[in-house]
Amino acid sequence: MTLRLVQIAMNARDDSAVGRFWAEALGWGVSSEEPGVTNVEPVGFAYPDPVAVCIDVLAIPEPKTVKNRVHLNLTTTSAAHQADLVARLQDLGATPADVGQATSHGPSWPTRRATSSACWRPGRAAGTPGQWLR
């Protein structure tokens, strides 16, 4: 039997805001199984369908004290699609940031709250530009 990743858990001070950000970014929906837990998954998804790896955002009271240790990588279909996606994510609250990898991955962009991601151009190989979001 093959082992399969089905879910990613993130901690955030405001689980619903972070969950809404990722749902908007991915075009997915949000639900909540209990206070302090926001589920982000494709609309119509039935767990544990292998079609997606879902995101659970868990509320924690502690402020962020260290850099993000998990980065979600997003891919696009063209340079124009990448530019559109970066602009849309900025409209959702993403802002540019230097994560110290601009020479190997291109410009850096942070999303507004507790997570990071990279938006790669199609067919990305090591050393080709991408957009970083946090």
# chains A, B, ... in the order shown; residues from 1 in each chain; ligands from 1
>>> residues_around(residues="A:Asp14", least_positions_apart="3", cutoff="8 Å", atoms="only C-alpha atoms", output="JSON, numbers by chain")
{"A": [17, 18, 59, 60]}
>>> write_last_selection(atoms="N, CA, C and O atoms", output="PDB file, in the first residue's frame")
ATOM      1  N   ALA A  17      -9.011  33.999   9.150  1.00  0.00           N
ATOM      2  CA  ALA A  17      -8.433  34.925   8.164  1.00  0.00           C
ATOM      3  C   ALA A  17      -7.406  34.220   7.283  1.00  0.00           C
ATOM      4  O   ALA A  17      -7.404  34.396   6.062  1.00  0.00           O
ATOM      5  N   VAL A  18      -6.539  33.415   7.880  1.00  0.00           N
ATOM      6  CA  VAL A  18      -5.540  32.678   7.096  1.00  0.00           C
ATOM      7  C   VAL A  18      -6.241  31.657   6.194  1.00  0.00           C
ATOM      8  O   VAL A  18      -5.905  31.503   5.020  1.00  0.00           O
ATOM      9  N   ALA A  59      -6.003  27.603  15.194  1.00  0.00           N
ATOM     10  CA  ALA A  59      -5.765  28.815  15.984  1.00  0.00           C
ATOM     11  C   ALA A  59      -4.847  28.495  17.161  1.00  0.00           C
ATOM     12  O   ALA A  59      -5.025  27.495  17.845  1.00  0.00           O
ATOM     13  N   ILE A  60      -3.843  29.356  17.343  1.00  0.00           N
ATOM     14  CA  ILE A  60      -2.970  29.267  18.510  1.00  0.00           C
ATOM     15  C   ILE A  60      -2.844  30.669  19.103  1.00  0.00           C
ATOM     16  O   ILE A  60      -2.876  31.655  18.370  1.00  0.00           O
TER      17      ILE A  60
END
>>> select_by_dssp(residues="stretch 17-101 of chain A", states="alpha helix (DSSP H)", output="PyMOL selection string")
chain A and resi 17-26+79-91
>>> closest_residue(among="A:Leu85, A:Ala79, A:Val30, A:Ala94", to="A:Ile55", atoms="only C-alpha atoms")
A:Val30
>>> atom_distance(atom1="atom CA of A:Cys54", atom2="atom CA of A:Asn39")
7.5 Å
>>> residues_around(residues="A:Val6", least_positions_apart="5", cutoff="12 Å", atoms="only C-alpha atoms", output="ChimeraX atom specification")
/A:41,45-56
>>> write_last_selection(atoms="N, CA and C atoms", output="PDB file, in the first residue's frame")
ATOM      1  N   GLU A  41     -10.361  23.412   1.471  1.00  0.00           N
ATOM      2  CA  GLU A  41     -10.394  22.258   0.565  1.00  0.00           C
ATOM      3  C   GLU A  41     -11.168  22.609  -0.693  1.00  0.00           C
ATOM      4  N   PHE A  45     -15.236  18.601  -2.203  1.00  0.00           N
ATOM      5  CA  PHE A  45     -14.249  17.600  -1.818  1.00  0.00           C
ATOM      6  C   PHE A  45     -14.812  16.676  -0.747  1.00  0.00           C
ATOM      7  N   ALA A  46     -14.506  15.387  -0.850  1.00  0.00           N
ATOM      8  CA  ALA A  46     -14.902  14.411   0.165  1.00  0.00           C
ATOM      9  C   ALA A  46     -13.644  13.737   0.699  1.00  0.00           C
ATOM     10  N   TYR A  47     -13.280  14.054   1.947  1.00  0.00           N
ATOM     11  CA  TYR A  47     -12.076  13.502   2.578  1.00  0.00           C
ATOM     12  C   TYR A  47     -12.187  11.993   2.672  1.00  0.00           C
ATOM     13  N   PRO A  48     -11.149  11.243   2.415  1.00  0.00           N
ATOM     14  CA  PRO A  48      -9.801  11.595   1.977  1.00  0.00           C
ATOM     15  C   PRO A  48      -9.583  11.376   0.480  1.00  0.00           C
ATOM     16  N   ASP A  49     -10.371  11.987  -0.354  1.00  0.00           N
ATOM     17  CA  ASP A  49     -10.229  11.876  -1.802  1.00  0.00           C
ATOM     18  C   ASP A  49      -8.792  12.220  -2.210  1.00  0.00           C
ATOM     19  N   PRO A  50      -8.155  11.396  -3.042  1.00  0.00           N
ATOM     20  CA  PRO A  50      -6.755  11.651  -3.418  1.00  0.00           C
ATOM     21  C   PRO A  50      -6.567  12.809  -4.394  1.00  0.00           C
ATOM     22  N   VAL A  51      -7.624  13.504  -4.755  1.00  0.00           N
ATOM     23  CA  VAL A  51      -7.527  14.591  -5.726  1.00  0.00           C
ATOM     24  C   VAL A  51      -6.817  15.816  -5.165  1.00  0.00           C
ATOM     25  N   ALA A  52      -6.734  15.957  -3.836  1.00  0.00           N
ATOM     26  CA  ALA A  52      -6.133  17.165  -3.261  1.00  0.00           C
ATOM     27  C   ALA A  52      -5.503  16.874  -1.911  1.00  0.00           C
ATOM     28  N   VAL A  53      -4.559  17.710  -1.547  1.00  0.00           N
ATOM     29  CA  VAL A  53      -4.013  17.753  -0.195  1.00  0.00           C
ATOM     30  C   VAL A  53      -4.652  18.974   0.458  1.00  0.00           C
ATOM     31  N   CYS A  54      -5.469  18.745   1.453  1.00  0.00           N
ATOM     32  CA  CYS A  54      -6.212  19.837   2.099  1.00  0.00           C
ATOM     33  C   CYS A  54      -5.363  20.549   3.144  1.00  0.00           C
ATOM     34  N   ILE A  55      -5.834  21.715   3.571  1.00  0.00           N
ATOM     35  CA  ILE A  55      -5.132  22.527   4.565  1.00  0.00           C
ATOM     36  C   ILE A  55      -6.052  22.739   5.755  1.00  0.00           C
ATOM     37  N   ASP A  56      -5.563  22.447   6.944  1.00  0.00           N
ATOM     38  CA  ASP A  56      -6.256  22.804   8.181  1.00  0.00           C
ATOM     39  C   ASP A  56      -5.470  23.921   8.833  1.00  0.00           C
TER      40      ASP A  56
END
>>> select_by_dssp(residues="stretch 13-102 of chain A", states="strand (DSSP E or B)", output="PyMOL selection string")
chain A and resi 29-34+37-41+54-59+71-75
>>> write_last_selection(atoms="N, CA and C atoms", output="short mmCIF file (atom, residue, chain, number, x, y, z; two decimals), in the first residue's frame")
data_model
loop_
_atom_site.label_atom_id
_atom_site.label_comp_id
_atom_site.auth_asym_id
_atom_site.auth_seq_id
_atom_site.Cartn_x
_atom_site.Cartn_y
_atom_site.Cartn_z
N GLY A 29 -12.92 26.25 -1.05
CA GLY A 29 -13.88 26.67 -0.05
C GLY A 29 -13.31 26.50 1.35
N VAL A 30 -14.01 27.06 2.32
CA VAL A 30 -13.63 26.90 3.73
C VAL A 30 -14.79 26.31 4.50
N SER A 31 -14.44 25.56 5.53
CA SER A 31 -15.43 25.06 6.47
C SER A 31 -14.75 25.05 7.84
N SER A 32 -15.51 24.75 8.86
CA SER A 32 -14.94 24.70 10.21
C SER A 32 -15.55 23.53 10.93
N GLU A 33 -14.69 22.67 11.45
CA GLU A 33 -15.20 21.53 12.20
C GLU A 33 -15.45 21.87 13.66
N GLU A 34 -14.82 22.96 14.12
CA GLU A 34 -15.02 23.44 15.50
C GLU A 34 -14.36 24.81 15.60
N VAL A 37 -10.57 25.97 14.25
CA VAL A 37 -10.09 25.10 13.18
C VAL A 37 -10.79 25.49 11.89
N THR A 38 -10.02 25.95 10.90
CA THR A 38 -10.57 26.29 9.60
C THR A 38 -10.02 25.31 8.58
N ASN A 39 -10.91 24.62 7.87
CA ASN A 39 -10.53 23.66 6.84
C ASN A 39 -10.58 24.34 5.48
N VAL A 40 -9.55 24.16 4.68
CA VAL A 40 -9.48 24.71 3.33
C VAL A 40 -9.38 23.52 2.38
N GLU A 41 -10.36 23.41 1.47
CA GLU A 41 -10.39 22.26 0.56
C GLU A 41 -11.17 22.61 -0.69
N CYS A 54 -5.47 18.75 1.45
CA CYS A 54 -6.21 19.84 2.10
C CYS A 54 -5.36 20.55 3.14
N ILE A 55 -5.83 21.72 3.57
CA ILE A 55 -5.13 22.53 4.56
C ILE A 55 -6.05 22.74 5.76
N ASP A 56 -5.56 22.45 6.94
CA ASP A 56 -6.26 22.80 8.18
C ASP A 56 -5.47 23.92 8.83
N VAL A 57 -6.15 25.01 9.17
CA VAL A 57 -5.51 26.13 9.86
C VAL A 57 -6.02 26.11 11.30
N LEU A 58 -5.09 25.98 12.24
CA LEU A 58 -5.42 25.83 13.65
C LEU A 58 -5.07 27.10 14.42
N ALA A 59 -6.00 27.60 15.19
CA ALA A 59 -5.77 28.81 15.98
C ALA A 59 -4.85 28.50 17.16
N HIS A 71 6.72 25.93 3.21
CA HIS A 71 6.37 26.81 2.10
C HIS A 71 5.53 26.02 1.11
N LEU A 72 4.39 26.57 0.73
CA LEU A 72 3.53 25.93 -0.27
C LEU A 72 3.91 26.48 -1.64
N ASN A 73 4.22 25.60 -2.57
CA ASN A 73 4.59 26.02 -3.91
C ASN A 73 3.39 25.91 -4.84
N LEU A 74 3.09 27.01 -5.53
CA LEU A 74 1.99 27.07 -6.49
C LEU A 74 2.61 27.14 -7.88
N THR A 75 1.96 26.55 -8.86
CA THR A 75 2.48 26.62 -10.22
C THR A 75 1.47 27.30 -11.13
#
>>> closest_residue(among="A:Ala87, A:Pro42, A:Leu92, A:Lys64", to="A:Arg13", atoms="only C-alpha atoms")
A:Lys64
>>> atom_distance(atom1="atom CA of A:Arg88", atom2="atom CA of A:Met10")
22.1 Å
>>> closest_residue(among="A:Val43, A:Ile8, A:Thr65, A:Gly36", to="A:Glu24", atoms="only C-alpha atoms")
A:Val43
>>> atom_distance(atom1="atom CA of A:Gly27", atom2="atom CA of A:Gln90")
15.0 Å
